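Chemist: This is the content of coords10.cif (mmCIF, C-alpha atoms):
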```cif
data_coords
#
loop_
_atom_site.group_PDB
_atom_site.id
_atom_site.type_symbol
_atom_site.label_atom_id
_atom_site.label_comp_id
_atom_site.auth_asym_id
_atom_site.auth_seq_id
_atom_site.Cartn_x
_atom_site.Cartn_y
_atom_site.Cartn_z
ATOM 1 C CA MET P 937 -10.341 13.948 -107.095
ATOM 2 C CA ASN P 938 -12.180 10.667 -106.725
ATOM 3 C CA LYS P 939 -11.360 7.849 -104.313
ATOM 4 C CA GLU P 940 -9.371 5.764 -106.778
ATOM 5 C CA MET P 941 -7.195 8.701 -107.874
ATOM 6 C CA PHE P 942 -6.616 9.774 -104.254
ATOM 7 C CA ILE P 943 -5.683 6.261 -103.093
ATOM 8 C CA ASN P 944 -3.413 5.647 -106.108
ATOM 9 C CA GLU P 945 -1.573 8.932 -105.625
ATOM 10 C CA LEU P 946 -1.207 8.354 -101.884
ATOM 11 C CA ASN P 947 0.074 4.829 -102.493
ATOM 12 C CA GLN P 948 2.549 6.095 -105.068
ATOM 13 C CA HIS P 949 3.975 8.704 -102.657
ATOM 14 C CA LEU P 950 4.224 6.116 -99.867
ATOM 15 C CA GLU P 951 6.427 3.726 -101.863
ATOM 16 C CA LYS P 952 9.336 4.187 -99.397
ATOM 17 C CA ILE P 953 7.236 2.614 -96.650
ATOM 18 C CA PRO P 954 7.203 -1.225 -96.570
ATOM 19 C CA LEU P 955 4.234 -2.863 -98.271
ATOM 20 C CA GLU P 956 2.566 -4.210 -95.101
ATOM 21 C CA ASP P 957 2.614 -0.811 -93.387
ATOM 22 C CA ARG P 958 1.511 0.883 -96.602
ATOM 23 C CA LYS P 959 -1.468 -1.481 -96.946
ATOM 24 C CA GLU P 960 -2.552 -0.559 -93.426
ATOM 25 C CA ILE P 961 -2.359 3.164 -94.215
ATOM 26 C CA ILE P 962 -4.250 2.769 -97.487
ATOM 27 C CA TYR P 963 -6.922 0.721 -95.707
ATOM 28 C CA ASP P 964 -7.402 3.578 -93.197
ATOM 29 C CA TYR P 965 -7.903 6.098 -95.996
ATOM 30 C CA GLU P 966 -10.279 3.791 -97.842
ATOM 31 C CA GLU P 967 -12.291 3.650 -94.607
ATOM 32 C CA HIS P 968 -12.399 7.471 -94.568
ATOM 33 C CA PHE P 969 -14.006 7.324 -97.999
ATOM 34 C CA ASP P 970 -16.428 4.559 -97.008
ATOM 35 C CA ILE P 971 -17.557 6.441 -93.898
ATOM 36 C CA GLY P 972 -17.886 9.698 -95.824
ATOM 37 C CA ILE P 973 -19.950 8.057 -98.566
ATOM 38 C CA SER P 974 -22.232 6.464 -95.966
ATOM 39 C CA GLU P 975 -22.762 9.992 -94.559
ATOM 40 C CA GLY P 976 -23.847 11.183 -98.008
ATOM 41 C CA LYS P 977 -20.653 12.983 -99.049
ATOM 42 C CA SER P 978 -19.214 12.767 -102.527
ATOM 43 C CA GLU P 979 -15.755 11.317 -103.176
ATOM 44 C CA GLU P 980 -14.516 14.784 -104.193
ATOM 45 C CA GLU P 981 -15.732 16.307 -100.916
ATOM 46 C CA ILE P 982 -14.025 13.567 -98.941
ATOM 47 C CA SER P 983 -10.728 13.892 -100.813
ATOM 48 C CA ASN P 984 -10.816 17.688 -100.389
ATOM 49 C CA SER P 985 -11.418 17.332 -96.659
ATOM 50 C CA LEU P 986 -8.532 14.853 -96.316
ATOM 51 C CA GLY P 987 -6.073 17.114 -98.113
ATOM 52 C CA ASN P 988 -3.369 16.677 -100.699
ATOM 53 C CA PRO P 989 -2.194 13.026 -100.940
ATOM 54 C CA LYS P 990 1.398 14.161 -101.501
ATOM 55 C CA THR P 991 1.411 16.247 -98.304
ATOM 56 C CA ILE P 992 -0.291 13.455 -96.376
ATOM 57 C CA ALA P 993 2.334 11.001 -97.654
ATOM 58 C CA LYS P 994 5.189 13.284 -96.562
ATOM 59 C CA GLU P 995 3.741 13.529 -93.054
ATOM 60 C CA LEU P 996 3.156 9.773 -92.892
ATOM 61 C CA LEU P 997 6.684 9.082 -94.151
ATOM 62 C CA LEU P 998 8.087 11.402 -91.474
ATOM 63 C CA ASP P 999 6.029 9.643 -88.818
ATOM 64 C CA TYR P 1000 7.236 6.250 -90.084
ATOM 65 C CA ARG P 1001 10.895 7.376 -90.202
ATOM 66 C CA VAL P 1002 10.725 8.809 -86.665
ATOM 67 C CA GLN P 1003 9.232 5.551 -85.357
ATOM 68 C CA GLN P 1004 11.960 3.645 -87.180
ATOM 69 C CA ALA P 1005 14.646 5.895 -85.658
ATOM 70 C CA GLU P 1006 13.195 5.308 -82.193
ATOM 71 C CA LYS P 1007 13.301 1.532 -82.632
ATOM 72 C CA ASP P 1008 16.755 1.407 -84.201
ATOM 73 C CA SER P 1009 18.623 4.495 -83.011
ATOM 74 C CA ASN P 1010 21.580 4.869 -85.303
ATOM 75 C CA ILE P 1011 22.855 7.672 -87.504
ATOM 76 C CA VAL P 1012 21.356 6.131 -90.684
ATOM 77 C CA THR P 1013 17.770 5.865 -89.415
ATOM 78 C CA VAL P 1014 17.988 9.306 -87.786
ATOM 79 C CA SER P 1015 19.331 10.792 -91.033
ATOM 80 C CA ARG P 1016 16.404 9.278 -92.937
ATOM 81 C CA ALA P 1017 13.994 10.829 -90.439
ATOM 82 C CA VAL P 1018 15.707 14.217 -90.798
ATOM 83 C CA LEU P 1019 15.521 13.994 -94.596
ATOM 84 C CA ALA P 1020 11.815 13.108 -94.375
ATOM 85 C CA PHE P 1021 11.337 16.147 -92.120
ATOM 86 C CA ILE P 1022 13.204 18.375 -94.562
ATOM 87 C CA GLY P 1023 10.929 17.066 -97.327
ATOM 88 C CA LEU P 1024 7.971 18.775 -95.637
ATOM 89 C CA GLY P 1025 9.141 22.185 -96.704
ATOM 90 C CA PHE P 1026 11.848 24.634 -97.646
ATOM 91 C CA LEU P 1027 11.810 26.265 -94.215
ATOM 92 C CA ASN P 1028 12.724 22.958 -92.616
ATOM 93 C CA LEU P 1029 15.628 22.674 -95.045
ATOM 94 C CA MET P 1030 16.915 26.083 -93.997
ATOM 95 C CA ILE P 1031 16.433 25.544 -90.260
ATOM 96 C CA LEU P 1032 17.363 21.914 -89.637
ATOM 97 C CA PHE P 1033 19.728 20.748 -92.357
ATOM 98 C CA PRO P 1034 22.756 23.081 -91.871
ATOM 99 C CA PRO P 1035 23.154 22.496 -88.109
ATOM 100 C CA PHE P 1036 22.418 18.785 -88.509
ATOM 101 C CA MET P 1037 25.112 18.405 -91.169
ATOM 102 C CA ALA P 1038 27.577 20.485 -89.133
ATOM 103 C CA ILE P 1039 27.081 18.279 -86.077
ATOM 104 C CA VAL P 1040 27.234 15.075 -88.137
ATOM 105 C CA GLY P 1041 30.446 16.360 -89.734
ATOM 106 C CA GLY P 1042 31.859 17.092 -86.287
ATOM 107 C CA LEU P 1043 30.895 13.611 -85.085
ATOM 108 C CA ILE P 1044 32.566 12.039 -88.099
ATOM 109 C CA GLY P 1045 35.688 14.083 -87.337
ATOM 110 C CA ILE P 1046 35.683 12.943 -83.711
ATOM 111 C CA TRP P 1047 35.266 9.300 -84.751
ATOM 112 C CA VAL P 1048 38.058 9.515 -87.349
ATOM 113 C CA ALA P 1049 40.371 11.159 -84.814
ATOM 114 C CA ALA P 1050 39.503 8.591 -82.137
ATOM 115 C CA ILE P 1051 40.072 5.615 -84.400
ATOM 116 C CA THR P 1052 43.275 7.107 -85.807
ATOM 117 C CA MET P 1053 44.592 7.861 -82.312
ATOM 118 C CA THR P 1054 43.857 4.288 -81.286
ATOM 119 C CA ILE P 1055 45.232 2.410 -84.293
ATOM 120 C CA SER P 1056 48.161 4.476 -85.566
ATOM 121 C CA PRO P 1057 50.262 4.246 -82.362
ATOM 122 C CA LEU P 1058 50.019 0.478 -82.608
ATOM 123 C CA LEU P 1059 51.709 0.693 -86.015
ATOM 124 C CA THR P 1060 54.792 2.218 -84.370
ATOM 125 C CA LEU P 1061 55.338 -1.092 -82.588
ATOM 126 C CA ILE P 1062 56.172 -2.877 -85.858
ATOM 127 C CA PRO P 1063 59.728 -1.467 -86.239
ATOM 128 C CA GLY P 1064 60.627 -2.634 -82.714
ATOM 129 C CA PHE P 1065 59.720 -6.179 -83.579
ATOM 130 C CA LEU P 1066 61.678 -6.018 -86.806
ATOM 131 C CA TYR P 1067 64.722 -4.309 -85.336
ATOM 132 C CA ALA P 1068 66.315 -4.070 -81.912
ATOM 133 C CA PHE P 1069 64.633 -2.676 -78.819
ATOM 134 C CA ASP P 1070 66.603 0.390 -77.754
ATOM 135 C CA ALA P 1071 66.006 3.438 -75.514
ATOM 136 C CA ILE P 1072 64.535 5.518 -78.344
ATOM 137 C CA TYR P 1073 62.138 2.740 -79.265
ATOM 138 C CA LEU P 1074 61.063 2.275 -75.649
ATOM 139 C CA SER P 1075 60.326 6.014 -75.430
ATOM 140 C CA LEU P 1076 58.291 5.762 -78.622
ATOM 141 C CA LEU P 1077 56.530 2.706 -77.215
ATOM 142 C CA LEU P 1078 55.493 4.619 -74.087
ATOM 143 C CA LYS P 1079 54.191 7.534 -76.183
ATOM 144 C CA SER P 1080 52.284 5.074 -78.371
ATOM 145 C CA ILE P 1081 50.603 3.498 -75.363
ATOM 146 C CA VAL P 1082 49.560 6.933 -74.077
ATOM 147 C CA ALA P 1083 48.219 7.967 -77.517
ATOM 148 C CA CYS P 1084 46.347 4.676 -77.860
ATOM 149 C CA GLY P 1085 44.797 5.180 -74.418
ATOM 150 C CA ALA P 1086 43.764 8.717 -75.360
ATOM 151 C CA GLY P 1087 42.183 7.315 -78.540
ATOM 152 C CA LEU P 1088 40.213 4.766 -76.529
ATOM 153 C CA ILE P 1089 38.979 7.503 -74.193
ATOM 154 C CA LEU P 1090 37.967 9.571 -77.224
ATOM 155 C CA ILE P 1091 36.048 6.572 -78.640
ATOM 156 C CA PHE P 1092 34.205 6.278 -75.329
ATOM 157 C CA ILE P 1093 33.338 9.989 -75.414
ATOM 158 C CA ALA P 1094 32.332 9.854 -79.099
ATOM 159 C CA THR P 1095 29.995 6.938 -78.365
ATOM 160 C CA TYR P 1096 28.101 8.893 -75.729
ATOM 161 C CA VAL P 1097 28.033 12.126 -77.731
ATOM 162 C CA THR P 1098 26.644 10.240 -80.744
ATOM 163 C CA LYS P 1099 24.068 8.447 -78.601
ATOM 164 C CA TYR P 1100 22.766 11.666 -77.035
ATOM 165 C CA PHE P 1101 22.810 13.516 -80.359
ATOM 166 C CA ILE P 1102 20.547 10.817 -81.807
ATOM 167 C CA ILE P 1103 18.204 11.031 -78.805
ATOM 168 C CA ILE P 1104 17.957 14.827 -79.118
ATOM 169 C CA VAL P 1105 17.298 14.692 -82.871
ATOM 170 C CA ILE P 1106 14.539 12.092 -82.411
ATOM 171 C CA LYS P 1107 12.889 14.186 -79.679
ATOM 172 C CA TYR P 1108 13.090 17.282 -81.899
ATOM 173 C CA LEU P 1109 11.534 15.433 -84.840
ATOM 174 C CA LYS P 1110 8.744 14.018 -82.662
ATOM 175 C CA TYR P 1111 7.998 17.493 -81.302
ATOM 176 C CA ASN P 1112 7.821 18.935 -84.817
ATOM 177 C CA LEU P 1113 5.660 16.049 -85.977
ATOM 178 C CA ARG P 1114 3.178 16.847 -83.177
ATOM 179 C CA VAL P 1115 3.230 20.516 -84.218
ATOM 180 C CA ILE P 1116 2.569 19.593 -87.851
ATOM 181 C CA LYS P 1117 -0.321 17.349 -86.822
ATOM 182 C CA GLY P 1118 -1.700 20.113 -84.613
ATOM 183 C CA GLU P 1119 -1.393 18.141 -81.403
ATOM 184 C CA SER P 1120 -0.553 19.823 -78.107
ATOM 185 C CA SER P 1121 2.853 19.386 -76.482
ATOM 186 C CA LYS P 1122 3.301 16.317 -74.305
#
```
As structure tokens, please, write out the structure in this file.
Modeler:
Amino acid sequence: MNKEMFINELNQHLEKIPLEDRKEIIYDYEEHFDIGISEGKSEEEISNSLGNPKTIAKELLLDYRVQQAEKDSNIVTVSRAVLAFIGLGFLNLMILFPPFMAIVGGLIGIWVAAITMTISPLLTLIPGFLYAFDAIYLSLLLKSIVACGAGLILIFIATYVTKYFIIIVIKYLKYNLRVIKGESSK
């Protein structure tokens, strides 16, 4: 594969990365070719030594997604990084995706329960305002306040669990990225 074909294919597979970052990556690979040619290598030798552009693009996309998840740690950016990691191979799909989806499903369940426990007791206050305040309503009001408080505590817990889950996933992805690149553990 010559330089132009290699660069075009790499660029095509990097389309999910913003244009400015992609230009920088492409420039680096064009430099690899320029240096190799100045050393007397052919374009085919250089492209063979660099590897498959599709594989390179997957690794670069993973690296980009992990950096993005570190900067903006939320479930969306972390999910994109996980999907980029899964794209590196079938084994990753089998190892990472099922537990990740199970934990994300559990987190969604916790958040739904927390929000429901916080908001739904407040809805029980409406009949008291429309009708008379009596002993049964006051008992219901007290139970609603307790349930709402429990919901707020659950939101607090869910926030921290989500935060630490994201941190752990990012660390795991960074570790695997270093393994893929052949770097030693830090």
Chemist: Evaluate the PyMOL selection byres ((chain P and resi 1047) around 10) on the structure here and hand back the selected residues as a ChimeraX atom specification.
Modeler: /P:1041-1046,1048-1053,1087,1090-1095,1098
Chemist: Give me the residues near Asn947 of chain P as a list in words, where near means some atom within 10 Å (using all atoms listed in the file) and where sequence neighbours in that chain fewer than 5 positions away do not count.
Modeler: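 The contact residues come out as Met941, Phe942, Lys952, Ile953, Leu955, Arg958, Lys959, Ile961, Ile962, Pro989, Lys990 and Ala993 of chain P.
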Chemist: To one decimal place in Å, what is the distance between atom CA of Asp964 of chain P and atom CA of Ile1022 of chain P?
Modeler: 25.4 Å
Chemist: To test your reading of the syntax: which residues would the PyMOL selection byres ((chain P and resi 1009) around 12) return for the file shown? Reply as an MDAnalysis selection string.
Modeler: chainID P and resid 1001:1008 1010:1017 1098:1107
Chemist: How far is it from atom CA of Phe969 of chain P to atom CA of Ser983 of chain P, in Å with one decimal?
Modeler: 7.9 Å
Chemist: Using only C-alpha atoms, which of the listed residues (P:Met937, P:Val1115, P:Leu996, P:Ile943) sits closest to Asp957 of chain P?
Modeler: P:Leu996
